[in-house]
Structure formats: C-alpha cells, structure tokens
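> Input file: start05.tsv. Contents: TSV, C-alpha atoms and all ligand atoms.
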chain	number	residue	atom	x	y	z
R	1	MET	CA	-13.20	5.96	-10.80
R	2	SER	CA	-13.57	2.45	-9.36
R	3	ILE	CA	-11.11	1.36	-6.67
R	4	GLY	CA	-9.73	-2.10	-5.85
R	5	ILE	CA	-7.50	-3.11	-2.95
R	6	ILE	CA	-5.38	-6.26	-3.20
R	7	GLY	CA	-4.41	-7.33	0.30
R	8	ALA	CA	-6.67	-6.97	3.31
R	9	GLY	CA	-4.20	-7.12	6.18
R	10	ALA	CA	-2.82	-4.22	8.20
R	11	LEU	CA	-2.38	-1.87	5.24
R	12	GLY	CA	-5.26	-2.96	2.99
R	13	SER	CA	-7.87	-2.94	5.74
R	14	ASN	CA	-6.77	0.51	6.93
R	15	VAL	CA	-6.88	1.93	3.40
R	16	ALA	CA	-10.39	0.47	3.19
R	17	LEU	CA	-11.25	2.08	6.54
R	18	LEU	CA	-10.04	5.45	5.27
R	19	LEU	CA	-12.18	5.13	2.14
R	20	ALA	CA	-15.19	3.87	4.10
R	21	LYS	CA	-15.02	6.83	6.48
R	22	ASN	CA	-15.39	9.07	3.46
R	23	GLY	CA	-18.10	7.05	1.74
R	24	ILE	CA	-15.77	6.08	-1.13
R	25	SER	CA	-16.56	2.72	-2.76
R	26	ALA	CA	-13.93	-0.01	-3.16
R	27	THR	CA	-13.57	-3.75	-3.65
R	28	ILE	CA	-11.08	-5.48	-1.34
R	29	ALA	CA	-9.48	-8.91	-1.83
R	30	ASN	CA	-7.15	-11.28	-0.02
R	31	SER	CA	-5.71	-14.75	-0.70
R	32	ARG	CA	-8.53	-16.66	1.00
R	33	GLY	CA	-11.49	-15.36	-0.96
R	34	PRO	CA	-14.34	-12.89	-0.36
R	35	GLU	CA	-16.14	-15.05	2.26
R	36	SER	CA	-13.17	-14.67	4.61
R	37	LEU	CA	-13.66	-10.88	4.47
R	38	ALA	CA	-17.33	-10.91	5.49
R	39	GLY	CA	-16.59	-9.62	9.00
R	40	LEU	CA	-14.32	-6.83	7.77
R	41	VAL	CA	-16.75	-5.50	5.17
R	42	GLU	CA	-19.62	-5.66	7.63
R	43	GLU	CA	-17.59	-3.57	10.06
R	44	LEU	CA	-16.58	-1.07	7.36
R	45	GLY	CA	-20.06	-0.52	5.99
R	46	PRO	CA	-21.74	-0.57	2.60
R	47	SER	CA	-19.14	1.31	0.53
R	48	ILE	CA	-16.60	-1.53	0.83
R	49	LYS	CA	-17.28	-4.85	-0.90
R	50	ALA	CA	-15.26	-8.06	-0.69
R	51	GLY	CA	-14.25	-9.54	-4.03
R	52	THR	CA	-11.79	-11.79	-5.76
R	53	VAL	CA	-8.27	-10.62	-6.55
R	54	GLU	CA	-9.33	-10.48	-10.22
R	55	ALA	CA	-12.27	-8.22	-9.36
R	56	ALA	CA	-10.14	-5.86	-7.27
R	57	ALA	CA	-7.45	-5.84	-9.97
R	58	SER	CA	-9.94	-4.79	-12.63
R	59	ALA	CA	-10.67	-1.41	-11.00
R	60	ASP	CA	-9.53	1.94	-12.46
R	61	ILE	CA	-7.30	2.49	-9.41
R	62	VAL	CA	-5.80	-0.60	-7.75
R	63	VAL	CA	-4.09	-0.33	-4.37
R	64	VAL	CA	-1.46	-3.05	-3.89
R	65	ALA	CA	-1.27	-3.79	-0.16
R	66	LEU	CA	0.73	-7.01	-0.25
R	67	ARG	CA	3.90	-8.12	1.48
R	68	TRP	CA	6.87	-7.77	-0.85
R	69	THR	CA	7.49	-11.51	-0.79
R	70	ASP	CA	3.91	-12.20	-2.01
R	71	LEU	CA	3.92	-9.77	-4.95
R	72	GLU	CA	5.09	-12.12	-7.66
R	73	LYS	CA	2.59	-14.87	-6.86
R	74	ALA	CA	-0.37	-12.59	-6.14
R	75	LEU	CA	0.00	-10.39	-9.20
R	76	ALA	CA	0.88	-13.09	-11.73
R	77	GLY	CA	-1.69	-13.96	-14.36
R	78	LEU	CA	-3.95	-10.94	-13.85
R	79	PRO	CA	-5.50	-9.20	-16.88
R	80	THR	CA	-3.32	-6.57	-18.55
R	81	TRP	CA	-2.97	-3.28	-16.71
R	82	ASN	CA	-3.26	-1.27	-19.87
R	83	GLY	CA	-2.50	2.17	-18.43
R	84	ARG	CA	-4.66	1.75	-15.34
R	85	ILE	CA	-3.45	3.24	-12.06
R	86	VAL	CA	-1.72	1.08	-9.47
R	87	ILE	CA	-1.00	2.59	-6.07
R	88	ASP	CA	2.06	0.83	-4.72
R	89	GLY	CA	1.70	0.72	-0.94
R	90	THR	CA	4.50	-1.78	-0.43
R	91	ASN	CA	7.90	-1.60	1.16
R	92	ALA	CA	10.73	-3.99	0.35
R	93	VAL	CA	10.93	-5.59	3.75
R	94	GLU	CA	10.53	-9.14	4.96
R	95	PHE	CA	8.41	-9.79	8.05
R	96	LEU	CA	10.38	-12.04	10.38
R	97	ASP	CA	9.19	-14.97	12.41
R	98	PRO	CA	10.17	-13.95	15.97
R	99	ASP	CA	11.67	-17.42	16.49
R	100	SER	CA	13.82	-17.32	13.36
R	101	PRO	CA	17.60	-16.70	13.53
R	102	ASP	CA	17.07	-13.54	11.41
R	103	ALA	CA	14.94	-12.03	14.19
R	104	LYS	CA	17.95	-12.18	16.50
R	105	ASP	CA	20.63	-11.31	13.94
R	106	PRO	CA	22.84	-8.59	15.49
R	107	ASN	CA	23.74	-7.44	11.94
R	108	ASN	CA	20.10	-6.66	11.16
R	109	PRO	CA	19.43	-3.06	12.33
R	110	LEU	CA	15.68	-3.68	11.95
R	111	ALA	CA	15.47	-6.88	13.99
R	112	ALA	CA	13.84	-5.03	16.89
R	113	TYR	CA	10.96	-4.08	14.55
R	114	GLY	CA	10.50	-7.68	13.38
R	115	ILE	CA	11.56	-6.89	9.82
R	116	LYS	CA	14.55	-7.18	7.52
R	117	ALA	CA	15.38	-5.11	4.43
R	118	ILE	CA	15.19	-7.11	1.22
R	119	ASP	CA	18.30	-6.89	-0.94
R	120	LEU	CA	17.21	-5.46	-4.30
R	121	GLY	CA	20.73	-5.39	-5.73
R	122	GLY	CA	21.08	-1.63	-5.51
R	123	LYS	CA	17.72	-0.86	-7.12
R	124	HIS	CA	14.98	1.00	-5.29
R	125	SER	CA	11.69	-0.78	-4.70
R	126	SER	CA	9.59	1.08	-7.29
R	127	GLU	CA	12.09	0.12	-9.97
R	128	VAL	CA	11.59	-3.53	-9.11
R	129	PHE	CA	7.83	-3.21	-8.49
R	130	ARG	CA	7.29	-2.11	-12.12
R	131	LYS	CA	7.87	-5.63	-13.38
R	132	PHE	CA	4.94	-6.97	-11.34
R	133	VAL	CA	2.39	-4.65	-13.00
R	134	PRO	CA	3.58	-4.19	-16.59
R	135	GLY	CA	1.80	-1.39	-18.42
R	136	ALA	CA	0.30	0.17	-15.27
R	137	HIS	CA	0.78	3.78	-14.26
R	138	ILE	CA	2.32	3.39	-10.82
R	139	VAL	CA	1.87	5.90	-8.04
R	140	LYS	CA	3.71	5.18	-4.81
R	141	ALA	CA	1.58	6.14	-1.80
R	142	PHE	CA	0.14	4.84	1.50
R	143	ASN	CA	3.45	3.06	2.24
R	144	HIS	CA	5.20	5.52	4.54
R	145	LEU	CA	2.83	5.93	7.50
R	146	ASP	CA	2.15	3.61	10.39
R	147	VAL	CA	-1.13	1.90	9.50
R	148	ASN	CA	-2.52	2.76	12.92
R	149	VAL	CA	-2.76	6.43	11.93
R	150	LEU	CA	-3.73	5.89	8.29
R	151	GLY	CA	-7.47	6.08	8.93
R	152	ASP	CA	-7.07	9.39	10.74
R	153	PRO	CA	-5.86	12.22	8.47
R	154	ALA	CA	-6.72	14.90	11.03
R	155	ALA	CA	-3.85	15.21	13.50
R	156	SER	CA	-2.95	17.81	16.09
R	157	GLY	CA	-5.65	20.14	14.78
R	158	ALA	CA	-4.06	19.98	11.33
R	159	GLN	CA	-4.02	17.82	8.21
R	160	ARG	CA	-1.67	14.84	8.04
R	161	VAL	CA	0.63	14.80	5.00
R	162	LEU	CA	0.62	11.87	2.62
R	163	PHE	CA	3.51	11.67	0.20
R	164	TYR	CA	3.09	10.30	-3.28
R	165	SER	CA	5.30	9.97	-6.34
R	166	GLY	CA	4.92	8.68	-9.87
R	167	ASP	CA	5.96	9.10	-13.49
R	168	ASP	CA	2.57	9.76	-15.09
R	169	ALA	CA	1.06	13.20	-14.47
R	170	GLY	CA	-2.52	12.05	-15.17
R	171	ALA	CA	-2.30	9.12	-12.75
R	172	LYS	CA	-0.80	11.35	-10.07
R	173	ALA	CA	-3.59	13.89	-10.51
R	174	GLU	CA	-6.22	11.16	-9.97
R	175	VAL	CA	-4.46	9.85	-6.85
R	176	ARG	CA	-4.06	13.37	-5.52
R	177	LYS	CA	-7.80	13.93	-5.96
R	178	LEU	CA	-8.52	10.71	-4.07
R	179	LEU	CA	-6.17	11.63	-1.23
R	180	GLU	CA	-7.78	15.05	-0.95
R	181	GLN	CA	-11.22	13.43	-0.77
R	182	THR	CA	-10.03	11.39	2.22
R	183	GLY	CA	-8.86	14.48	4.12
R	184	TYR	CA	-5.12	14.09	3.61
R	185	PHE	CA	-2.79	16.86	2.52
R	186	PRO	CA	-1.03	15.20	-0.43
R	187	VAL	CA	2.56	16.19	-1.18
R	188	ASP	CA	4.03	15.29	-4.58
R	189	LEU	CA	7.60	14.03	-4.24
R	190	GLY	CA	8.17	13.93	-7.99
R	191	VAL	CA	9.00	10.94	-10.17
R	192	LEU	CA	9.28	7.42	-8.80
R	193	ASP	CA	13.06	7.39	-9.02
R	194	VAL	CA	13.17	10.39	-6.67
R	195	GLY	CA	10.08	10.14	-4.47
R	196	GLY	CA	10.02	6.35	-4.17
R	197	PRO	CA	13.26	5.97	-2.23
R	198	LEU	CA	12.63	9.14	-0.18
R	199	ALA	CA	9.38	7.88	1.33
R	200	SER	CA	10.02	4.12	1.41
R	201	LEU	CA	10.70	2.10	4.50
R	202	PRO	CA	12.99	1.08	5.95
R	203	PHE	CA	15.60	3.73	5.13
R	204	GLY	CA	13.81	6.57	3.27
R	205	ALA	CA	14.50	9.99	4.82
R	206	LEU	CA	10.76	10.85	4.85
R	207	ALA	CA	9.45	7.43	5.84
R	208	ALA	CA	7.58	6.76	9.08
R	209	ILE	CA	7.63	10.44	10.07
R	210	ASN	CA	4.33	12.25	10.60
R	211	PHE	CA	4.23	15.62	8.91
R	212	VAL	CA	1.18	17.84	9.27
R	213	ARG	CA	0.03	20.89	7.35
R	214	ILE	CA	-0.77	23.70	9.75
R	301	LIG	N1	1.96	-2.78	8.48
R	301	LIG	C1	2.32	-1.51	8.30
R	301	LIG	O1	2.39	-0.70	9.23
R	301	LIG	C2	2.60	-1.03	6.90
R	301	LIG	C3	2.64	0.35	6.68
R	301	LIG	C4	2.87	0.81	5.40
R	301	LIG	C5	3.13	-0.10	4.38
R	301	LIG	N2	3.13	-1.44	4.64
R	301	LIG	C6	3.40	-2.37	3.53
R	301	LIG	O2	2.14	-2.89	3.15
R	301	LIG	C7	2.32	-4.19	2.61
R	301	LIG	C8	1.37	-5.14	3.31
R	301	LIG	O3	1.74	-5.19	4.67
R	301	LIG	P1	0.68	-5.62	5.77
R	301	LIG	O4	1.30	-5.27	7.07
R	301	LIG	O5	-0.66	-5.11	5.41
R	301	LIG	O6	0.72	-7.23	5.57
R	301	LIG	P2	-0.37	-8.28	6.12
R	301	LIG	O7	-1.09	-7.72	7.28
R	301	LIG	O8	0.34	-9.56	6.25
R	301	LIG	O9	-1.43	-8.40	4.92
R	301	LIG	C9	-1.08	-8.99	3.71
R	301	LIG	C10	-2.35	-9.24	2.91
R	301	LIG	O10	-1.94	-9.77	1.64
R	301	LIG	C11	-2.83	-10.84	1.32
R	301	LIG	N3	-2.21	-11.79	0.39
R	301	LIG	C12	-1.10	-12.55	0.56
R	301	LIG	N4	-0.90	-13.32	-0.54
R	301	LIG	C13	-1.90	-13.03	-1.40
R	301	LIG	C14	-2.27	-13.52	-2.68
R	301	LIG	N5	-1.55	-14.45	-3.31
R	301	LIG	N6	-3.38	-13.00	-3.25
R	301	LIG	C15	-4.14	-12.07	-2.64
R	301	LIG	N7	-3.84	-11.57	-1.41
R	301	LIG	C16	-2.75	-12.05	-0.80
R	301	LIG	C17	-3.11	-11.50	2.64
R	301	LIG	O11	-4.29	-12.28	2.50
R	301	LIG	P3	-4.56	-13.52	3.51
R	301	LIG	O12	-4.66	-12.94	4.87
R	301	LIG	O13	-5.81	-14.12	2.98
R	301	LIG	O14	-3.36	-14.41	3.32
R	301	LIG	C18	-3.30	-10.27	3.54
R	301	LIG	O15	-4.63	-9.80	3.42
R	301	LIG	C19	3.78	-4.56	2.81
R	301	LIG	O16	4.49	-4.35	1.60
R	301	LIG	C20	4.23	-3.59	3.89
R	301	LIG	O17	5.62	-3.33	3.82
R	301	LIG	C21	2.83	-1.91	5.87
Can the structure from this file be put into structure tokens for me?
Ligand SMILES: NC(=O)c1ccc[n+]([C@@H]2O[C@H](COP(=O)([O-])OP(=O)(O)OC[C@H]3O[C@@H](n4cnc5c(N)ncnc54)[C@H](OP(=O)(O)O)[C@@H]3O)[C@@H](O)[C@H]2O)c1


Amino acid sequence: MSIGIIGAGALGSNVALLLAKNGISATIANSRGPESLAGLVEELGPSIKAGTVEAAASADIVVVALRWTDLEKALAGLPTWNGRIVIDGTNAVEFLDPDSPDAKDPNNPLAAYGIKAIDLGGKHSSEVFRKFVPGAHIVKAFNHLDVNVLGDPAASGAQRVLFYSGDDAGAKAEVRKLLEQTGYFPVDLGVLDVGGPLASLPFGALAAINFVRI
C-alpha cells in the first residue's frame, strides 16, 4: 500500500520519521512545495520522498497532519477519495499567537499550552472531519501522543500503545498492520463516534497519556 502524508510540520515530519526508521516508503507534502522539503527528506533517507499535495493525496493511505484551521483549504479540490484510507491525525485546536489576547484569556484552560479548543457546536472532531474527505474510509490515529515520542515506539522496555478508531473494518485492519510494522502496540477503540472523542485532544480521557504494553 502506498502512503502519503499531507502536512510536514511537527506531526507530519514525525510520522515520516517513524516510517523512515522502519524502511516504509511515503510521499510527504506541505503548502510550499516539494523543494522546501529537500532538507527533511535528505535527513530521513531514501524511503521518504517529497511531493505535491496532490501526489500525497493520491496514495492508498493518506495521513492528514494539518492544523484544524487549514483543513478546508488544504483538502479542497483534491481528486475523489473513493474508499481510500485517510488517517486523521488532527485535533480540533487552534494554535495561538503568544501575543494574542486569546493566549492570555483566563477563561481558556489551555492558554498555558498555547492552544484553544475549537467550538464544533457539540460535535466531535471526527464527525466534522468527514466532510473534508468525502468518500474516504477514515481512521483516527497518530493524534493523541506528543510528537516528540512518536518516532520512538519502544518505551520503558515495552511497546508504546497507539490508539486508533474507525468505522470501516478493512481500513482499520490496514492501519493496524502499518502500526504493527512500525513497532507500536495498536489498540482499537472502536468506531469513530466512540474512539474519536476518547483519544482526541484537548479533552479526551485517553489523550496525551503514554500507555505501554508490558
Ligand atoms: N504538535 C503536536 O504535538 C501534535 C500531536 C498530535 C497531533 N497534532 C495535530 O496535528 C496537526 C498538525 O499539527 P502540527 O503541530 O504538525 O502543525 P504544524 O507544525 O504547523 O504543521 C502543519 C503543516 O501543515 C502544512 N500546511 C498548512 N497549510 C497547508 C496547505 N494548504 N496545503 C498543504 N500543507 C499545508 C504546513 O506546511 P507549510 O509549513 O509549508 O505551511 C505544515 O507542514 C494538528 O491538527 C494538531 O492538532 C499535533
């Protein structure tokens, strides 16, 4: 299965690092074009190629590693998803400019982390994310760990747990296989309506906690 990564920042580059460490091929894209990723792909080695967003989006498995506020623009106008697998690595948070009033808002419990929860009108993020990738089989994964540990599935002499959820059994089986290849211990949290909110930042009960399989 071919793999594309849309977004090459903190999350996208660390997903690429994880794949590269395991010799798994992928095409990674950002907003500024493949040339701007020359340094990153050189560092990661030959399994990771830089490409356009369209190239990354045409893979069998596409990891979306974009900020929530960029989703609509970045994913508009791409070829139809047609049952392909999209791994949703996003969280519905806004990254705050440290000088903005929001960053100092005493009513924002996340201000100290430089983020703010985005109001989705009572929906959970996977419910809203669906509209950005119509026809795709969505699997939520890679969104709940600190990116600084993402490239390192071995922890404390054990295997780090990576949660995933989704509505399509076939898509989940493929993602599970991929996660196993990278050294993670994948744990299926069920359908998106259940697993999505459980493992999503900022308020999911299983988010940002490191579980290991001993
Ligand atoms: N940071 C974490 O610890 C962490 C952990 C888990 C999940 N997440 C989630 O992962 C997502 C990404 O966060 P991040 O921290 O990786 O953000 P980031 O470092 O700002 O990276 C965002 C990436 O998206 C690209 N991008 C923006 N607009 C685009 C467009 N129109 N077309 C193509 N690419 C575009 C940017 O490309 P350019 O640089 O060229 O603009 C950049 O490579 C968020 O939803 C976040 O909540 C983050």

> Applying 7 Å and all atoms listed in the file, which residues near Leu66 of chain R remain after dropping the ones on its own chain fewer than 5 positions away? List them as a count of residues only.

4

> What does the distance from atom CA of Asp152 of chain R to atom O1 of ligand LIG 301 (chain R) come to in Å, to one decimal?

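A separation of 13.9 Å between them.
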
> Return as a Markdown table the residues of chain R lying at most 7 Å from ligand LIG 301 (chain R), together with the closest atom-to-atom pair for each and the distance in Å to one decimal, counting only C-alpha atoms and all ligand atoms, with rows in chain order and ascending residue number.


| residue | atom | partner | partner_atom | distance |
| --- | --- | --- | --- | --- |
| R:Ile6 | CA | R:LIG301 | N7 | 5.8 |
| R:Gly7 | CA | R:LIG301 | O10 | 3.7 |
| R:Ala8 | CA | R:LIG301 | O15 | 3.5 |
| R:Gly9 | CA | R:LIG301 | O9 | 3.3 |
| R:Ala10 | CA | R:LIG301 | O5 | 3.6 |
| R:Leu11 | CA | R:LIG301 | O5 | 3.7 |
| R:Gly12 | CA | R:LIG301 | O5 | 5.6 |
| R:Ala29 | CA | R:LIG301 | N7 | 6.2 |
| R:Asn30 | CA | R:LIG301 | N7 | 3.6 |
| R:Ser31 | CA | R:LIG301 | C15 | 3.7 |
| R:Arg32 | CA | R:LIG301 | O13 | 4.2 |
| R:Val53 | CA | R:LIG301 | C15 | 5.9 |
| R:Ala65 | CA | R:LIG301 | C7 | 4.6 |
| R:Leu66 | CA | R:LIG301 | C8 | 4.1 |
| R:Arg67 | CA | R:LIG301 | C19 | 3.8 |
| R:Trp68 | CA | R:LIG301 | O16 | 4.8 |
| R:Asp70 | CA | R:LIG301 | N4 | 5.2 |
| R:Lys73 | CA | R:LIG301 | N5 | 5.5 |
| R:Ala74 | CA | R:LIG301 | N5 | 3.6 |
| R:Gly89 | CA | R:LIG301 | O2 | 5.5 |
| R:Thr90 | CA | R:LIG301 | O16 | 3.3 |
| R:Asn91 | CA | R:LIG301 | O17 | 3.9 |
| R:Ala92 | CA | R:LIG301 | O17 | 6.2 |
| R:Val93 | CA | R:LIG301 | O17 | 5.8 |
| R:Phe142 | CA | R:LIG301 | C4 | 6.2 |
| R:Asn143 | CA | R:LIG301 | C5 | 3.8 |
| R:His144 | CA | R:LIG301 | C4 | 5.3 |
| R:Leu145 | CA | R:LIG301 | C4 | 5.5 |
| R:Asp146 | CA | R:LIG301 | O1 | 4.5 |
| R:Val147 | CA | R:LIG301 | O1 | 4.4 |

> How would the residues just chosen look if you wrote them out with C-alpha atoms as a PDB file, in the frame of the given file?


ATOM      1  CA  ILE R   6      -5.380  -6.260  -3.200  1.00  0.00           C
ATOM      2  CA  GLY R   7      -4.410  -7.330   0.300  1.00  0.00           C
ATOM      3  CA  ALA R   8      -6.670  -6.970   3.310  1.00  0.00           C
ATOM      4  CA  GLY R   9      -4.200  -7.120   6.180  1.00  0.00           C
ATOM      5  CA  ALA R  10      -2.820  -4.220   8.200  1.00  0.00           C
ATOM      6  CA  LEU R  11      -2.380  -1.870   5.240  1.00  0.00           C
ATOM      7  CA  GLY R  12      -5.260  -2.960   2.990  1.00  0.00           C
ATOM      8  CA  ALA R  29      -9.480  -8.910  -1.830  1.00  0.00           C
ATOM      9  CA  ASN R  30      -7.150 -11.280  -0.020  1.00  0.00           C
ATOM     10  CA  SER R  31      -5.710 -14.750  -0.700  1.00  0.00           C
ATOM     11  CA  ARG R  32      -8.530 -16.660   1.000  1.00  0.00           C
ATOM     12  CA  VAL R  53      -8.270 -10.620  -6.550  1.00  0.00           C
ATOM     13  CA  ALA R  65      -1.270  -3.790  -0.160  1.00  0.00           C
ATOM     14  CA  LEU R  66       0.730  -7.010  -0.250  1.00  0.00           C
ATOM     15  CA  ARG R  67       3.900  -8.120   1.480  1.00  0.00           C
ATOM     16  CA  TRP R  68       6.870  -7.770  -0.850  1.00  0.00           C
ATOM     17  CA  ASP R  70       3.910 -12.200  -2.010  1.00  0.00           C
ATOM     18  CA  LYS R  73       2.590 -14.870  -6.860  1.00  0.00           C
ATOM     19  CA  ALA R  74      -0.370 -12.590  -6.140  1.00  0.00           C
ATOM     20  CA  GLY R  89       1.700   0.720  -0.940  1.00  0.00           C
ATOM     21  CA  THR R  90       4.500  -1.780  -0.430  1.00  0.00           C
ATOM     22  CA  ASN R  91       7.900  -1.600   1.160  1.00  0.00           C
ATOM     23  CA  ALA R  92      10.730  -3.990   0.350  1.00  0.00           C
ATOM     24  CA  VAL R  93      10.930  -5.590   3.750  1.00  0.00           C
ATOM     25  CA  PHE R 142       0.140   4.840   1.500  1.00  0.00           C
ATOM     26  CA  ASN R 143       3.450   3.060   2.240  1.00  0.00           C
ATOM     27  CA  HIS R 144       5.200   5.520   4.540  1.00  0.00           C
ATOM     28  CA  LEU R 145       2.830   5.930   7.500  1.00  0.00           C
ATOM     29  CA  ASP R 146       2.150   3.610  10.390  1.00  0.00           C
ATOM     30  CA  VAL R 147      -1.130   1.900   9.500  1.00  0.00           C
TER      31      VAL R 147
END

> Could you check the closest approach to Leu17 of chain R for each of R:Ser200, R:Ser2, R:Ser126, R:Ser47 and tell me which residue wins, using all atoms listed in the file?

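Once distances to Leu17 of chain R are computed over all atoms listed in the file, the minimum belongs to R:Ser47.
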
> What separation in Å, quoted to one decimal, exists between atom CA of Ile3 of chain R and atom CA of Pro202 of chain R?

27.2 Å

> Mind pulling up the distance from atom CA of Asp88 of chain R to atom CA of Val161 of chain R?

17.1 Å

> When you look at Arg84 of chain R with a cut-off of 8 Å (counting only C-alpha atoms), what residues show up, excluding the ones that are within fewer than 3 positions of it in the same chain? I need them as a ChimeraX atom specification.

/R:60-61,81,135-137

> Nearest residue to Leu19 of chain R out of R:Phe163, R:Phe211, R:Phe203, R:Tyr184, using all atoms listed in the file?

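Result for the nearest residue to Leu19 of chain R: R:Tyr184.
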
> So that each row is one residue of segment 40-114 of chain R with an atom at most 10 Å from segment 174-178 of chain R, can you give its shortest atom pair and the distance in Å to one decimal, using only C-alpha atoms, rows by chain and rising number, as CSV?


residue,atom,partner,partner_atom,distance
R:Ile61,CA,R:Val175,CA,8.3
R:Ile85,CA,R:Val175,CA,8.5
R:Val86,CA,R:Val175,CA,9.6
R:Ile87,CA,R:Val175,CA,8.1

> How would the residues just chosen look if you wrote them out with C-alpha atoms as an mmCIF file, keeping the file's coordinate frame?


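Output below, filename result_11.cif:
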data_model
loop_
_atom_site.group_PDB
_atom_site.id
_atom_site.type_symbol
_atom_site.label_atom_id
_atom_site.label_comp_id
_atom_site.auth_asym_id
_atom_site.auth_seq_id
_atom_site.Cartn_x
_atom_site.Cartn_y
_atom_site.Cartn_z
ATOM 1 C CA ILE R 61 -7.300 2.490 -9.410
ATOM 2 C CA ILE R 85 -3.450 3.240 -12.060
ATOM 3 C CA VAL R 86 -1.720 1.080 -9.470
ATOM 4 C CA ILE R 87 -1.000 2.590 -6.070
#

> Excluding Asp97 of chain R and its own-chain neighbours fewer than 4 positions away, which residues fall within 9 Å of it when counting all atoms listed in the file? Please give them as a short mmCIF file (atom, residue, chain, number, x, y, z; two decimals) with C-alpha atoms, in the coordinates of the input.


data_model
loop_
_atom_site.label_atom_id
_atom_site.label_comp_id
_atom_site.auth_asym_id
_atom_site.auth_seq_id
_atom_site.Cartn_x
_atom_site.Cartn_y
_atom_site.Cartn_z
CA PRO R 101 17.60 -16.70 13.53
CA ASP R 102 17.07 -13.54 11.41
CA ALA R 103 14.94 -12.03 14.19
CA GLY R 114 10.50 -7.68 13.38
CA ILE R 115 11.56 -6.89 9.82
#

> Nearest to Glu35 of chain R: which of R:Ala50, R:Leu192, R:Ile138, R:Ala199 is it, counting all atoms listed in the file?

R:Ala50

> Between R:Asn148, R:Ser13, R:Gln159, R:Thr69, which one has atoms that come closest to Gly39 of chain R, using only C-alpha atoms?

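Of the candidates, the smallest distance to Gly39 of chain R is held by R:Ser13.
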
> Which residue is closest to Val191 of chain R? Choose from R:Asn210, R:Lys140, R:Val149, R:Ser58 and count only C-alpha atoms.

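The closest residue to Val191 of chain R is R:Lys140.
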
> Within 6 Å of (-12.1, -3.1, 2.7) in the file's own coordinates, which protein, DNA or RNA residues have an atom, counting all atoms listed in the file? List them as a ChimeraX atom specification.

/R:13,16,28,41,48

> Using all atoms listed in the file, pick whichever of R:Gly157, R:Gly195, R:Gly33, R:Gly45 has the shortest atom-to-atom distance to Ile214 of chain R.

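Among R:Gly157, R:Gly195, R:Gly33, R:Gly45, it is R:Gly157 that comes nearest to Ile214 of chain R.
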
> Residues near Ile5 of chain R, anyone? I mean within 6 Å using all atoms listed in the file, not counting same-chain ones fewer than 4 positions away, as a VMD selection string.

chain R and resid 28 56 62 to 63

> Include C-alpha atoms and write out the residues we just selected as an mmCIF file, in the coordinates of the input.


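Contents of the output file result16.cif:
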data_model
loop_
_atom_site.group_PDB
_atom_site.id
_atom_site.type_symbol
_atom_site.label_atom_id
_atom_site.label_comp_id
_atom_site.auth_asym_id
_atom_site.auth_seq_id
_atom_site.Cartn_x
_atom_site.Cartn_y
_atom_site.Cartn_z
ATOM 1 C CA ILE R 28 -11.080 -5.480 -1.340
ATOM 2 C CA ALA R 56 -10.140 -5.860 -7.270
ATOM 3 C CA VAL R 62 -5.800 -0.600 -7.750
ATOM 4 C CA VAL R 63 -4.090 -0.330 -4.370
#

> Kindly reconstruct segment 78-91 of chain R with N, CA and C atoms and present the result as a short mmCIF file (atom, residue, chain, number, x, y, z; two decimals), in the frame of the given file.


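Produced file part10.cif, reproduced below:
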data_model
loop_
_atom_site.label_atom_id
_atom_site.label_comp_id
_atom_site.auth_asym_id
_atom_site.auth_seq_id
_atom_site.Cartn_x
_atom_site.Cartn_y
_atom_site.Cartn_z
N LEU R 78 -2.78 -11.84 -13.86
CA LEU R 78 -3.95 -10.94 -13.85
C LEU R 78 -4.11 -10.31 -15.24
N PRO R 79 -5.31 -9.86 -15.57
CA PRO R 79 -5.50 -9.20 -16.88
C PRO R 79 -4.56 -8.02 -17.05
N THR R 80 -4.31 -7.62 -18.29
CA THR R 80 -3.32 -6.57 -18.55
C THR R 80 -3.72 -5.26 -17.86
N TRP R 81 -2.72 -4.52 -17.48
CA TRP R 81 -2.97 -3.28 -16.71
C TRP R 81 -3.34 -2.13 -17.64
N ASN R 82 -2.76 -2.15 -18.81
CA ASN R 82 -3.26 -1.27 -19.87
C ASN R 82 -3.45 0.19 -19.45
N GLY R 83 -2.45 0.75 -18.79
CA GLY R 83 -2.50 2.17 -18.43
C GLY R 83 -3.35 2.49 -17.22
N ARG R 84 -3.89 1.46 -16.56
CA ARG R 84 -4.66 1.75 -15.34
C ARG R 84 -3.70 2.13 -14.20
N ILE R 85 -4.28 2.70 -13.14
CA ILE R 85 -3.45 3.24 -12.06
C ILE R 85 -3.27 2.19 -10.97
N VAL R 86 -2.02 1.96 -10.60
CA VAL R 86 -1.72 1.08 -9.47
C VAL R 86 -1.04 1.91 -8.38
N ILE R 87 -1.65 1.92 -7.21
CA ILE R 87 -1.00 2.59 -6.07
C ILE R 87 -0.17 1.53 -5.35
N ASP R 88 1.13 1.77 -5.36
CA ASP R 88 2.06 0.83 -4.72
C ASP R 88 2.23 1.23 -3.26
N GLY R 89 1.61 0.43 -2.37
CA GLY R 89 1.70 0.72 -0.94
C GLY R 89 2.75 -0.13 -0.24
N THR R 90 3.58 -0.80 -1.04
CA THR R 90 4.50 -1.78 -0.43
C THR R 90 5.81 -1.15 0.01
N ASN R 91 6.51 -1.89 0.84
CA ASN R 91 7.90 -1.60 1.16
C ASN R 91 8.68 -2.90 1.01
#
